[in-house]
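> What follows is input-v8.txt; its format and atoms are compact mmCIF, C-alpha atoms.
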# COMPACT_ATOMS: atom_id res chain seq x y z
CA MET A 288 24.33 177.22 -2.72
CA LEU A 289 23.71 179.80 -0.03
CA GLY A 290 19.99 179.21 -0.36
CA ALA A 291 20.47 175.51 0.13
CA ILE A 292 22.51 176.12 3.27
CA ILE A 293 19.92 178.53 4.66
CA GLY A 294 17.14 176.11 3.79
CA GLY A 295 18.93 173.28 5.53
CA ALA A 296 19.51 175.42 8.59
CA MET A 297 15.84 176.33 8.72
CA ASN A 298 14.87 172.69 8.52
CA VAL A 299 17.19 171.86 11.40
CA PHE A 300 15.79 174.76 13.44
CA VAL A 301 12.26 173.66 12.76
CA ASP A 302 13.09 170.07 13.72
CA ILE A 303 14.77 171.22 16.94
CA GLY A 304 11.82 173.48 17.77
CA ALA A 305 9.40 170.69 17.14
CA ALA A 306 11.42 168.41 19.39
CA TRP A 307 11.43 171.01 22.14
CA LEU A 308 7.73 171.56 21.77
CA SER A 309 7.13 167.83 21.92
CA ALA A 310 9.29 167.58 25.02
CA ILE A 311 7.50 170.47 26.68
CA ALA A 312 4.14 168.97 25.76
CA ALA A 313 5.23 165.63 27.18
CA ILE A 314 6.36 167.29 30.41
CA ILE A 315 3.08 169.17 30.67
CA ALA A 316 1.17 165.94 30.00
CA ALA A 317 3.20 164.14 32.65
CA PHE A 318 2.48 166.86 35.19
CA GLY A 319 -1.17 166.71 34.21
CA ALA A 320 -1.24 162.96 34.68
CA ILE A 321 0.47 163.27 38.05
CA PHE A 322 -1.98 165.98 39.11
CA ALA A 323 -4.93 164.00 37.81
CA ALA A 324 -3.78 160.86 39.60
CA ASN A 325 -3.22 162.79 42.82
CA PHE A 326 -6.62 164.45 42.47
CA THR A 327 -8.25 161.08 41.81
CA ARG A 328 -6.61 159.56 44.90
CA LYS A 329 -7.74 162.46 47.04
CA THR A 330 -11.21 162.23 45.58
CA LEU A 331 -11.37 158.49 46.19
CA THR A 332 -10.06 158.97 49.73
CA PHE A 333 -12.66 161.65 50.35
CA LEU A 334 -15.47 159.58 48.86
CA THR A 335 -14.36 156.48 50.78
CA LYS A 336 -14.26 158.41 54.05
CA GLN A 337 -17.62 159.97 53.27
CA HIS A 338 -19.06 156.50 52.60
CA GLU A 339 -17.56 155.16 55.82
CA ASP A 340 -18.93 158.13 57.75
CA GLN A 341 -22.36 157.54 56.24
CA GLN A 342 -22.19 153.85 57.17
CA ALA A 343 -21.09 154.72 60.70
CA LEU A 344 -23.93 157.24 61.00
CA GLN A 345 -26.35 154.65 59.65
CA ARG A 346 -25.15 152.09 62.22
CA ILE A 347 -25.60 154.63 65.00
CA GLN A 348 -29.10 155.45 63.80
CA MET A 349 -30.02 151.76 63.49
CA TYR A 350 -28.58 151.04 66.95
CA GLN A 351 -30.54 153.90 68.49
CA SER A 352 -33.73 152.91 66.64
CA HIS A 353 -33.37 149.31 67.80
CA LYS A 354 -32.82 150.40 71.38
CA GLU A 355 -35.85 152.71 71.19
CA ALA A 356 -37.94 149.80 69.86
CA PHE A 357 -36.80 147.70 72.84
CA MET A 358 -37.80 150.47 75.28
CA LYS A 359 -41.17 150.76 73.55
CA LEU A 360 -41.70 147.02 73.99
CA LEU A 361 -41.05 147.38 77.72
CA ASP A 362 -43.55 150.27 77.87
CA GLU A 363 -46.17 148.11 76.16
CA LEU A 364 -45.54 145.21 78.55
CA GLU A 365 -45.93 147.54 81.53
CA GLN A 366 -49.23 148.77 80.11
CA THR A 367 -50.37 145.18 79.44
CA TYR A 368 -50.33 144.58 83.19
CA GLU A 369 -51.76 148.00 84.07
CA ASN A 370 -48.39 149.24 85.34
CA ARG A 371 -48.29 146.72 88.18
CA TYR A 372 -44.71 146.07 87.14
CA LYS A 373 -41.89 148.40 86.25
CA PHE A 374 -38.74 147.51 84.31
CA THR A 375 -35.69 148.95 86.03
CA ASP A 376 -32.21 149.82 84.71
CA ARG A 377 -33.42 149.51 81.13
CA ASP A 378 -30.06 150.23 79.48
CA ARG A 379 -28.45 147.41 81.41
CA PHE A 380 -31.41 145.17 80.57
CA TYR A 381 -30.88 145.89 76.86
CA ARG A 382 -27.15 145.17 77.12
CA SER A 383 -27.85 141.88 78.90
CA ILE A 384 -29.78 140.67 75.85
CA PHE A 385 -27.65 142.32 73.14
CA PRO A 386 -24.17 142.38 74.74
CA GLU A 387 -22.38 142.83 71.38
CA ASN A 388 -24.43 145.80 70.21
CA ASN A 389 -22.81 149.24 70.17
CA PHE A 390 -22.26 152.15 67.78
CA ASN A 391 -19.72 150.15 65.77
CA ASN A 392 -21.35 146.73 65.86
CA PHE A 393 -25.06 146.07 65.54
CA SER A 394 -27.46 143.14 65.20
CA THR A 395 -31.21 142.75 65.72
CA SER A 396 -31.08 139.01 66.34
CA VAL A 397 -29.67 136.69 68.98
CA ASP A 398 -28.91 133.02 68.40
CA ILE A 399 -30.25 131.34 71.53
CA LYS A 400 -29.40 127.88 70.20
CA GLN A 401 -25.67 128.51 69.89
CA LYS A 402 -24.02 128.17 73.27
CA GLY A 403 -22.29 131.29 74.51
CA SER A 404 -23.67 133.55 71.79
CA SER A 405 -26.85 134.83 73.40
CA GLY A 406 -25.55 136.75 76.38
CA GLU A 407 -27.84 136.59 79.37
CA LEU A 408 -30.97 135.79 77.35
CA SER A 409 -30.15 132.09 77.52
CA ASP A 410 -29.73 132.48 81.30
CA LYS A 411 -33.22 133.98 81.56
CA ILE A 412 -34.68 131.12 79.53
CA ALA A 413 -32.83 128.53 81.64
CA CYS A 414 -34.06 130.21 84.83
CA TYR A 415 -37.68 129.92 83.70
CA GLN A 416 -37.24 126.30 82.61
CA ILE A 417 -35.72 125.34 85.97
CA LEU A 418 -38.60 127.05 87.78
CA VAL A 419 -41.17 125.10 85.77
CA ARG A 420 -39.29 121.86 86.37
CA GLU A 421 -39.31 122.54 90.13
CA ILE A 422 -43.09 123.08 90.02
CA LEU A 423 -43.73 120.00 87.87
CA THR A 424 -41.72 117.76 90.19
CA TYR A 425 -43.46 119.04 93.33
CA THR A 426 -45.66 116.18 94.53
CA SER A 427 -46.29 116.59 98.28
CA VAL A 428 -45.69 118.99 101.14
CA ASP A 429 -41.99 119.79 100.93
CA PHE A 430 -40.84 123.09 102.40
CA ASN A 431 -37.34 122.73 100.96
CA LYS A 432 -38.90 122.38 97.53
CA LEU A 433 -41.06 125.44 98.20
CA ASP A 434 -37.90 127.35 99.13
CA ASN A 435 -36.43 126.40 95.75
CA ILE A 436 -39.57 127.42 93.86
CA VAL A 437 -39.73 130.82 95.55
CA THR A 438 -35.99 131.31 94.95
CA TRP A 439 -36.34 130.63 91.22
CA VAL A 440 -39.33 132.96 90.99
CA MET A 441 -37.17 135.65 92.59
CA ARG A 442 -34.28 134.95 90.22
CA LEU A 443 -36.49 135.07 87.15
CA LYS A 444 -38.04 138.34 88.28
CA ASN A 445 -34.60 139.84 88.87
CA GLN A 446 -33.33 138.61 85.50
CA LEU A 447 -36.29 140.33 83.85
CA HIS A 448 -35.50 143.55 85.76
CA ILE A 449 -39.02 143.66 87.20
CA VAL A 450 -40.08 145.49 90.34
CA LYS A 451 -43.51 146.02 91.84
CA ILE A 452 -44.36 149.69 92.05
CA LYS A 453 -47.46 149.69 94.23
CA LYS A 454 -47.24 150.09 98.00
CA TYR A 455 -47.02 147.08 100.28
CA LYS A 456 -50.13 145.03 100.82
CA SER A 457 -50.89 141.77 102.59
CA GLY A 458 -49.13 138.83 100.99
CA ASP A 459 -46.18 140.75 99.55
CA VAL A 460 -42.89 138.89 99.88
CA ILE A 461 -40.04 141.05 101.16
CA LEU A 462 -36.29 140.73 101.58
CA ASP A 463 -34.34 143.60 103.15
CA ASP A 464 -37.33 145.93 102.68
CA LYS A 465 -37.41 145.19 98.95
CA MET A 466 -40.30 143.59 97.10
CA LEU A 467 -39.24 140.29 95.57
CA PHE A 468 -42.35 139.42 93.66
CA SER A 469 -45.76 140.85 93.89
CA ASN A 470 -47.75 138.66 96.26
CA ILE A 471 -48.10 135.06 97.47
CA PHE A 472 -51.78 135.18 96.53
CA TYR A 473 -50.83 135.96 92.91
CA ILE A 474 -47.63 133.95 92.52
CA ASN A 475 -49.11 131.49 90.02
CA ARG A 476 -50.43 134.34 87.88
CA GLU A 477 -47.08 136.10 88.16
CA VAL A 478 -45.22 133.09 86.78
CA HIS A 479 -47.49 133.18 83.71
CA HIS A 480 -46.87 136.92 83.38
CA PHE A 481 -43.11 136.37 83.46
CA LYS A 482 -43.45 133.68 80.78
CA TYR A 483 -45.36 136.12 78.55
CA ILE A 484 -42.71 138.81 79.08
CA LEU A 485 -39.92 136.33 78.32
CA ASP A 486 -41.70 135.16 75.16
CA ASN A 487 -41.90 138.76 73.93
CA LEU A 488 -38.18 139.23 74.50
CA ILE A 489 -37.45 136.01 72.61
CA ILE A 490 -39.59 137.14 69.65
CA PHE A 491 -37.85 140.54 69.70
CA THR A 492 -34.50 138.78 69.26
CA GLY A 493 -35.69 136.96 66.13
CA ASN A 494 -36.53 133.63 67.78
CA THR A 495 -39.75 131.68 68.32
CA PHE A 496 -41.84 131.22 71.46
CA LEU A 497 -40.75 128.81 74.14
CA GLU A 498 -42.42 125.44 73.89
CA LYS A 499 -45.61 125.05 75.89
CA ASN A 500 -45.07 123.44 79.26
CA LYS A 501 -46.92 120.45 80.57
CA PRO A 502 -49.96 121.54 82.61
CA TYR A 503 -49.02 122.01 86.22
CA ILE A 504 -50.76 122.85 89.48
CA PHE A 505 -48.88 125.44 91.46
CA PRO A 506 -48.58 124.42 95.16
CA TYR A 507 -50.50 127.48 96.29
CA SER A 508 -52.12 125.96 99.40
CA ASP A 509 -48.83 124.53 100.63
CA LEU A 510 -47.17 127.91 100.13
CA LEU A 511 -49.91 129.56 102.20
CA ASP A 512 -49.43 126.99 104.96
CA TYR A 513 -45.69 127.59 104.85
CA CYS A 514 -46.10 131.36 105.14
CA LEU A 515 -48.99 131.54 107.61
CA LEU A 516 -48.49 128.51 109.87
CA TYR A 517 -44.71 128.23 109.80
CA SER A 518 -41.67 130.42 109.24
CA GLY A 519 -42.19 130.91 105.52
CA PRO A 520 -39.63 130.88 102.68
CA ARG A 521 -36.03 130.86 103.86
CA GLY A 522 -34.73 134.35 104.59
CA LEU A 523 -37.92 136.07 103.45
CA LYS A 524 -40.74 137.89 105.17
CA VAL A 525 -44.37 137.88 104.07
CA TYR A 526 -46.00 141.19 104.85
CA PHE A 527 -49.53 141.46 106.33
CA ASN A 528 -51.29 144.64 107.37
CA ASN A 529 -52.78 142.86 110.40
CA GLU A 530 -50.48 139.89 110.80
CA LEU A 531 -51.87 138.65 114.13
CA LEU A 532 -55.46 138.60 112.90
CA VAL A 533 -54.58 137.07 109.53
CA LYS A 534 -52.51 134.25 111.04
CA THR A 535 -55.16 133.54 113.68
CA LEU A 536 -57.92 133.27 111.06
CA TYR A 537 -55.73 131.01 108.95
CA ALA A 538 -55.01 128.78 111.97
CA VAL A 539 -58.77 128.34 112.47
CA ARG A 540 -59.12 127.46 108.79
CA ASP A 541 -56.31 124.91 109.14
CA HIS A 542 -58.07 123.24 112.05
CA ALA A 543 -61.41 123.09 110.24
CA PHE A 544 -59.67 121.65 107.18
CA ARG A 545 -58.02 118.89 109.21
CA TYR A 546 -61.21 117.85 111.01
CA ARG A 547 -63.95 118.25 108.42
CA ASP A 548 -63.47 114.63 107.26
CA GLU A 549 -63.36 113.17 110.77
CA GLU A 550 -66.22 110.97 112.00
CA ASN A 551 -67.26 113.51 114.61
CA ALA A 552 -67.04 116.44 112.19
CA THR A 553 -70.11 118.64 112.01
CA SER A 554 -71.48 121.05 109.47
CA ASP A 555 -69.74 123.79 111.45
CA HIS A 556 -66.36 122.49 110.31
CA GLU A 557 -67.37 122.70 106.67
CA ALA A 558 -69.08 126.07 107.10
CA ILE A 559 -66.14 127.79 108.81
CA PHE A 560 -63.67 126.17 106.42
CA THR A 561 -65.66 127.44 103.42
CA LYS A 562 -65.82 130.99 104.79
CA LEU A 563 -62.12 131.16 105.58
CA SER A 564 -61.10 129.46 102.34
CA ASP A 565 -62.94 132.19 100.47
CA LEU A 566 -60.94 134.77 102.42
CA PHE A 567 -57.62 133.13 101.52
CA LYS A 568 -58.39 131.87 98.02
CA GLU A 569 -55.95 132.40 95.18
CA ASP A 570 -55.90 135.91 93.64
CA THR A 571 -57.74 137.27 96.67
CA GLU A 572 -57.65 140.95 97.60
CA LEU A 573 -57.09 140.25 101.28
CA ASP A 574 -56.75 143.86 102.43
CA GLU A 575 -59.91 144.84 100.59
CA LYS A 576 -61.87 142.05 102.28
CA LEU A 577 -60.43 142.83 105.70
CA GLY A 578 -61.36 146.46 105.15
CA ASN A 579 -65.05 145.50 105.19
CA THR A 580 -65.82 145.99 108.89
CA ASN A 581 -69.15 144.13 108.99
CA TYR A 582 -67.76 141.19 107.02
CA VAL A 583 -64.72 140.85 109.28
CA TYR A 584 -66.73 141.27 112.49
CA ASN A 585 -69.14 138.48 111.52
CA LEU A 586 -66.28 136.26 110.37
CA ILE A 587 -64.43 136.70 113.67
CA ASP A 588 -67.65 136.03 115.57
CA SER A 589 -68.10 132.74 113.67
CA CYS A 590 -64.51 131.74 114.47
CA ILE A 591 -64.90 132.47 118.20
CA LYS A 592 -68.08 130.36 118.36
CA TYR A 593 -66.31 127.60 116.47
CA LEU A 594 -63.44 127.60 118.97
CA TYR A 595 -65.80 127.53 121.94
CA ASN A 596 -68.01 124.77 120.55
CA HIS A 597 -65.39 122.30 119.34
CA LYS A 598 -62.83 120.36 121.27
CA LEU A 599 -59.33 120.81 119.88
CA ASP A 600 -56.69 118.15 120.23
CA GLY A 601 -53.01 118.21 119.38
CA HIS A 602 -53.31 117.90 115.61
CA SER A 603 -52.99 121.59 114.83
CA SER A 604 -51.15 124.68 116.00
CA LEU A 605 -54.53 126.03 117.12
CA SER A 606 -54.91 123.35 119.79
CA VAL A 607 -51.85 124.44 121.74
CA GLN A 608 -52.85 128.08 122.08
CA ARG A 609 -56.65 127.93 121.90
CA SER A 610 -57.28 130.49 124.66
CA LYS A 611 -54.70 132.85 123.21
CA PHE A 612 -56.33 132.72 119.79
CA ILE A 613 -59.78 133.37 121.27
CA ASN A 614 -58.38 136.41 123.07
CA ASN A 615 -56.72 137.63 119.87
CA LEU A 616 -59.99 137.38 117.97
CA SER A 617 -61.93 139.08 120.77
CA ASP A 618 -59.42 141.95 120.81
CA ALA A 619 -59.78 142.29 117.04
CA GLN A 620 -63.56 142.53 117.43
CA LYS A 621 -63.18 145.25 120.04
CA GLU A 622 -60.93 147.21 117.69
CA LEU A 623 -63.54 146.95 114.96
CA ILE A 624 -66.25 148.23 117.31
CA ALA A 625 -64.03 151.12 118.38
CA LYS A 626 -63.31 151.89 114.74
CA LYS A 627 -67.05 152.01 114.00
CA ASP A 628 -67.65 154.44 116.87
CA ARG A 629 -64.99 156.92 115.70
If you convert what's in this file into structure tokens, what do you get?

Amino acid sequence: MLGAIIGGAMNVFVDIGAAWLSAIAAIIAAFGAIFAANFTRKTLTFLTKQHEDQQALQRIQMYQSHKEAFMKLLDELEQTYENRYKFTDRDRFYRSIFPENNFNNFSTSVDIKQKGSSGELSDKIACYQILVREILTYTSVDFNKLDNIVTWVMRLKNQLHIVKIKKYKSGDVILDDKMLFSNIFYINREVHHFKYILDNLIIFTGNTFLEKNKPYIFPYSDLLDYCLLYSGPRGLKVYFNNELLVKTLYAVRDHAFRYRDEENATSDHEAIFTKLSDLFKEDTELDEKLGNTNYVYNLIDSCIKYLYNHKLDGHSSLSVQRSKFINNLSDAQKELIAKKDR
């Protein structure tokens, strides 16, 4: 009987102990689960942050690499034209094309077809297209139209952040002592240069070249007349190392041009026109030619003889001040002789 009681008590004790052990084990397991869950959350948070940091670092590196590639493109374009041009304020230039790019947001392409999405790149393209349209629609001497053409050349140059880095030389166009574009003798070539630069920027943004324009003839001769016989482009100054001599020689050329087809025209008209046209031809290095003392002396001598031998009427600016122009040319000859004797 006693044994049965003791045995029963032992069974109860064992059952109670087992229950306690199970409870303790459950509590330990619960704490373990809580700890594991907390550890997992912290690990996930850490890994997520690490991933985000890596992505942010990657965006920064890509942004910097893209910007460096843009700067390298500008370097290559400068070298293409033998450093005649320099791109200024390059960071601002980059932002004007990729206005949305920064350390947090980055793209290598620009949609120039979607209105309002291409920043100032679409403005640069529009500027070039307007310039070409102005040239294509130029049909006869029209100084207002020439003003517009020069203005759009200036705007395009400014939009491309281009400056000329060489010192002033004859033909440079200046506003407030700043070079606007390289030279009136090279303006046609410069427009083609700007088109090439713009095309490279368009390709860099993931787009295709601009469509080829219709062939056009730049009104170079009219621009020369405007600058050398009249006041020149509105608000601008065309620089010449020896302005008085240059404008006098051009006035003689203008007279010969006007009279070479007249009935009483002689071979002298054609001869002097040919000589002076060579001096003022497109892409000329005017200062280099005028630096050749013998060449200039003989050219001036031919012009003086031309003025003495031919009657001038009121059809040109030369007719009004014939004596003054002869004196100007004679003074220029004397300066050349004095220069030789030094």
> Report as a PyMOL selection string all protein, DNA and RNA residues lying within 9 Å of region 527-541 of chain A, evaluated on only C-alpha atoms, omitting residues in the same chain fewer than 3 positions from it.
chain A and resi 455-459+512+515-516+544-546+556+559-564+567+574+577+586-587+590+593-594+603-605+612-613+615-616+619
> CA of Leu623 (chain A) and CA of Tyr582 (chain A), how far apart in Å?
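Distance between the two atoms: 10.7 Å.
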> Counting only C-alpha atoms, which residues of region 472-562 of chain A sit at most 8 Å from some atom of region 433-453 of chain A, and what is each one's closest atom pair with its distance in Å to one decimal, listed by chain and rising residue number, as JSON lines?

{"residue": "A:Val478", "atom": "CA", "partner": "A:Val440", "partner_atom": "CA", "distance": 7.2}
{"residue": "A:Phe481", "atom": "CA", "partner": "A:Lys444", "partner_atom": "CA", "distance": 7.3}
{"residue": "A:Leu485", "atom": "CA", "partner": "A:Leu447", "partner_atom": "CA", "distance": 7.7}
{"residue": "A:Leu510", "atom": "CA", "partner": "A:Leu433", "partner_atom": "CA", "distance": 6.9}
{"residue": "A:Pro520", "atom": "CA", "partner": "A:Asp434", "partner_atom": "CA", "distance": 5.3}
{"residue": "A:Arg521", "atom": "CA", "partner": "A:Asp434", "partner_atom": "CA", "distance": 6.2}
> As a PyMOL selection string, please: the residues near region 361-366 of chain A (cut-off 12 Å, all atoms listed in the file, same-chain neighbours under 2 positions excluded).
chain A and resi 354-359+368-378+380-381+447-452+480-488+491
> What separation in Å, quoted to one decimal, exists between CA of Ser589 (chain A) and CA of Gly519 (chain A)?
27.2 Å
> What is the distance, in Å and to one decimal place, between CA of Asn585 (chain A) and CA of Phe472 (chain A)?
23.2 Å
> Would you please work out which residue, of A:Ile347, A:Phe505, A:Asp548, A:Ala413, is nearest to Glu477 (chain A) when using all atoms listed in the file?
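Nearest to Glu477 (chain A): A:Phe505.
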> Out of A:Val419, A:Ile471, A:Leu344, A:Ile399, which residue has the shortest atom-to-atom distance to Gly493 (chain A) when counting all atoms listed in the file?
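Checking each candidate against Gly493 (chain A), we get A:Ile399 as the closest.
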> Could you check which residues have any atom within 7 Å of (-40.5, 120.8, 81.9), counting only C-alpha atoms with coordinates taken straight from the file, and then list them as a PyMOL selection string?
chain A and resi 416+419-420+423+500-501
> Could the centre and edge lengths of an axis-aligned box, enclosing all atoms of region 419-436 of chain A in the file with 5 Å extra on each side, be given in Å to one decimal as AutoDock Vina command-line options?

--center_x -41.4 --center_y 121.8 --center_z 94.1 --size_x 19.9 --size_y 21.2 --size_z 26.6
> Measuring between only C-alpha atoms, which one of A:Arg379, A:His479, A:Lys411, A:Arg346 shows the shortest distance to Asn392 (chain A)?
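When distances to Asn392 (chain A) are compared using only C-alpha atoms, the smallest one comes from A:Arg346.
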